[in-house]
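Below you'll find the structure, written out as structure tokens, and then a few comments.
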Amino acid sequence: MKVILIGNYPLDRLESMERFAQMLHAGLTEAGIESEIWRPRVFFASRLKSTGSGLGKWIGYLDKWLIFPVLLRLRRMNGRLKKTEVRFHVCDHSNAPYLAHLPAGQTSITCHDVIAIRGALGHQDAYATPTWGTGMIYQKWIFHHLGRARRIAAVSRFTYDQLDELARREAIERGEWQVIHNAFNAEFGPVADPERGELLKRVGIPPEASFLLHVGSRHARKNRKLLLDMAASLGSRWAGKICFAGQPVEESLMAHARSLGLEDRVIQVIKPDHRTLQALYTSCEAFVFPSFSEGFGWPVIEAQACGTPVIASTIAPLMEVSGGSALHADPADPTTFADAFLSLSDEKYREEVIRSGLANCERFRLNRMIRSYLKLFRIEVPELQYERPA
């Protein structure tokens with residue numbers, strides 16, 4: 001038995017999807033299943049550093065949608081593969097068109113969210129960047145193949161329900177779909193002193209600093225502005241810093257910070273390495289995740305694994321992922337986030353939230369996720385091979 005995982009195009013720089021593919025590969029190997037990752041090769045875009053936008057994106061499309069489908073079909077004809085029972089799994093739903101080039105009965109796909117698809121179809125609650133013309137056609141093309149997949153793993157019940165709603169609207173007959181929660185895609189845990197202090201100093205944060213943390217991009221749906229409004233609502237009751245880790249702080253967000261008199265309290269840590277990210281999670285007073293739209297919400301459990309209380313939006317996937325172990329507040333009302341934060345000043349309650357978060361993390365161990373994927377792939381493996389601790 002062998003599982004071929006279909007990964008992402010390298011120049012797209014989709015780090016979370018690469019980690020997901022590597023996580024599946026490692027888990028399958030741990031379960032005693034031979035596995036490898038096939039990715040689109042870089043041909044036409046060999047002189048480019050990225051294919052994120054402009055002409056580079058279109059050149060990358062040649063590699064992804066012209067060359068790779070041909071290679072998929074050729075590699076499937078490999079003599080050694082023909083002698084082996086093979087399963088194919090597309091790791092990212094945005095690559096759903098590859099399903100047309102793989103044997104339907106042996107292939108499955110993971111749907112991480114339908115945010116871009118719903119945005120292209122005009123759903124305002126997706127909080128996705130509007131797509132027009134070719135972008136809208138592109139997302140509809142992805143959904144055309146995704147909705148017709150025989151076996152789909154949705155990373156949350158919320159994502160499953162949204163996908164099911166779209167399929168019903170398009171009168172698509174649903175296949176064998178199931179919810180398989182993501183596992184941790186890397187090791188997360190508290191970072192002890194003195195290492196933690198050294199890591200914070202390197203990014204300009206004094207070890208004793210009090211700060212709130214947000215991790216993520218500057219997409220509108222991430223709602224980074226709320227942290228500033230939350231700090232303004234706290235007023236003199238809290239005088240700490242607001243740290244944005246991930247993409248650089250956009251000028252509009254800094255302008256808002258200036259208007260609130262908070263410019264000097266904003267810290268940005270651009271694309272922290274993994275150990276620094278763990279140190280940030282470990283050190284913040286609270287991790288604040290006020291998203292308007294998510295498919296799963298990895299940062300919620302990442303922060304909890306580092307022993308940090310989480311305040312997240314009341315949107316469905318985040319409440320599903322926290323399982324009631326985080327504090328939840330209205331992403332349109334910063335005062336509710338401020339009130340939740342102030343409740344953590346009760347040390348006994350804070351410790352209770354932290355303990356609950358750590359217990360919640362047990363639901364997202366790799367061996368549990370792999371067990372579910374093996375069922376999706378219709379592969380039977382003795383339990384002892386994948387019941388070992390992650």
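By convention here, the chains of the structure tokens are called A, B, ... in the order presented, each chain's residues are numbered starting at 1, and ligands are numbered starting at 1 in the order presented.
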Near segment 148-161 of chain A, 12 Å: segment 251-362 of chain A residue rows, closest pairs, only C-alpha atoms, as JSON lines:
```
{"residue": "A:Ser293", "atom": "CA", "partner": "A:Phe158", "partner_atom": "CA", "distance": 10.6}
{"residue": "A:Glu294", "atom": "CA", "partner": "A:Thr159", "partner_atom": "CA", "distance": 8.7}
{"residue": "A:Gly295", "atom": "CA", "partner": "A:Thr159", "partner_atom": "CA", "distance": 5.7}
{"residue": "A:Phe296", "atom": "CA", "partner": "A:Ser156", "partner_atom": "CA", "distance": 6.0}
{"residue": "A:Gly297", "atom": "CA", "partner": "A:Ser156", "partner_atom": "CA", "distance": 9.5}
{"residue": "A:Trp298", "atom": "CA", "partner": "A:Val155", "partner_atom": "CA", "distance": 10.6}
{"residue": "A:Ile315", "atom": "CA", "partner": "A:Phe158", "partner_atom": "CA", "distance": 9.3}
{"residue": "A:Ala316", "atom": "CA", "partner": "A:Phe158", "partner_atom": "CA", "distance": 6.2}
{"residue": "A:Pro317", "atom": "CA", "partner": "A:Phe158", "partner_atom": "CA", "distance": 5.5}
{"residue": "A:Leu318", "atom": "CA", "partner": "A:Phe158", "partner_atom": "CA", "distance": 9.3}
{"residue": "A:Met319", "atom": "CA", "partner": "A:Phe158", "partner_atom": "CA", "distance": 10.0}
{"residue": "A:Glu320", "atom": "CA", "partner": "A:Ser156", "partner_atom": "CA", "distance": 7.6}
{"residue": "A:Val321", "atom": "CA", "partner": "A:Ser156", "partner_atom": "CA", "distance": 7.9}
{"residue": "A:Ser322", "atom": "CA", "partner": "A:Ser156", "partner_atom": "CA", "distance": 11.6}
{"residue": "A:Gly323", "atom": "CA", "partner": "A:Ser156", "partner_atom": "CA", "distance": 11.9}
```
Exercise. So which residues touch Asp193 of chain A within 10 Å, counting only C-alpha atoms, skipping near sequence neighbours fewer than 6 positions away, as a ChimeraX atom specification?
Worked result: /A:199,207,279
For C-alpha atoms, I'd like the residues from the last selection saved as a PDB file, in the first residue's frame.
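Contents of selection09.pdb, freshly written:
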```
ATOM      1  CA  LEU A 199      14.277  35.221  21.571  1.00  0.00           C
ATOM      2  CA  PRO A 207      11.339  39.977  28.422  1.00  0.00           C
ATOM      3  CA  ALA A 279       8.216  32.393  22.596  1.00  0.00           C
TER       4      ALA A 279
END
```
Exercise. Per DSSP on the backbone, what are the alpha helix (DSSP H) residues of segment 84-133 of chain A, as a list in words?
Worked result: Ile115, Ala116, Ile117, Arg118, Gly119 and Ala120 of chain A
For this session: Name all residues at most 7 Å from segment 336-345 of chain A (count only C-alpha atoms; drop same-chain ones fewer than 2 positions away) and give them as a list in words.
Result: Met230, Ser233, Leu234, Leu327, Ala329, Asp330, Asp333, Pro334, Glu347, Tyr349 and Arg350 of chain A
Problem set entry | 9 Å contact set for segment 1-12 of chain A, only C-alpha atoms, chain neighbours under 4 positions out, as a PyMOL selection string | chain A and resi 17-18+21-22+24-25+28+33-42+45+48-52+57+60+63-64+81+84-92+95+98+377+379
Exercise. Hey, what does DSSP flag as strand (DSSP E or B) within segment 6-152 of chain A? Can you give it to me as a list in words?
Worked result: Ile6, Glu34, Ser35, Glu36, Ile37, Trp38, Val86, Arg87, Phe88, His89, Val90, Thr107, Ser108, Ile109, Thr110, Cys111, Arg151 and Ile152 of chain A
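Of the residues under consideration (A:Val353, A:Leu66, A:Val215, A:Ala245), A:Val215 shows the shortest atom-to-atom contact distance to Phe289 of chain A when counting only C-alpha atoms.
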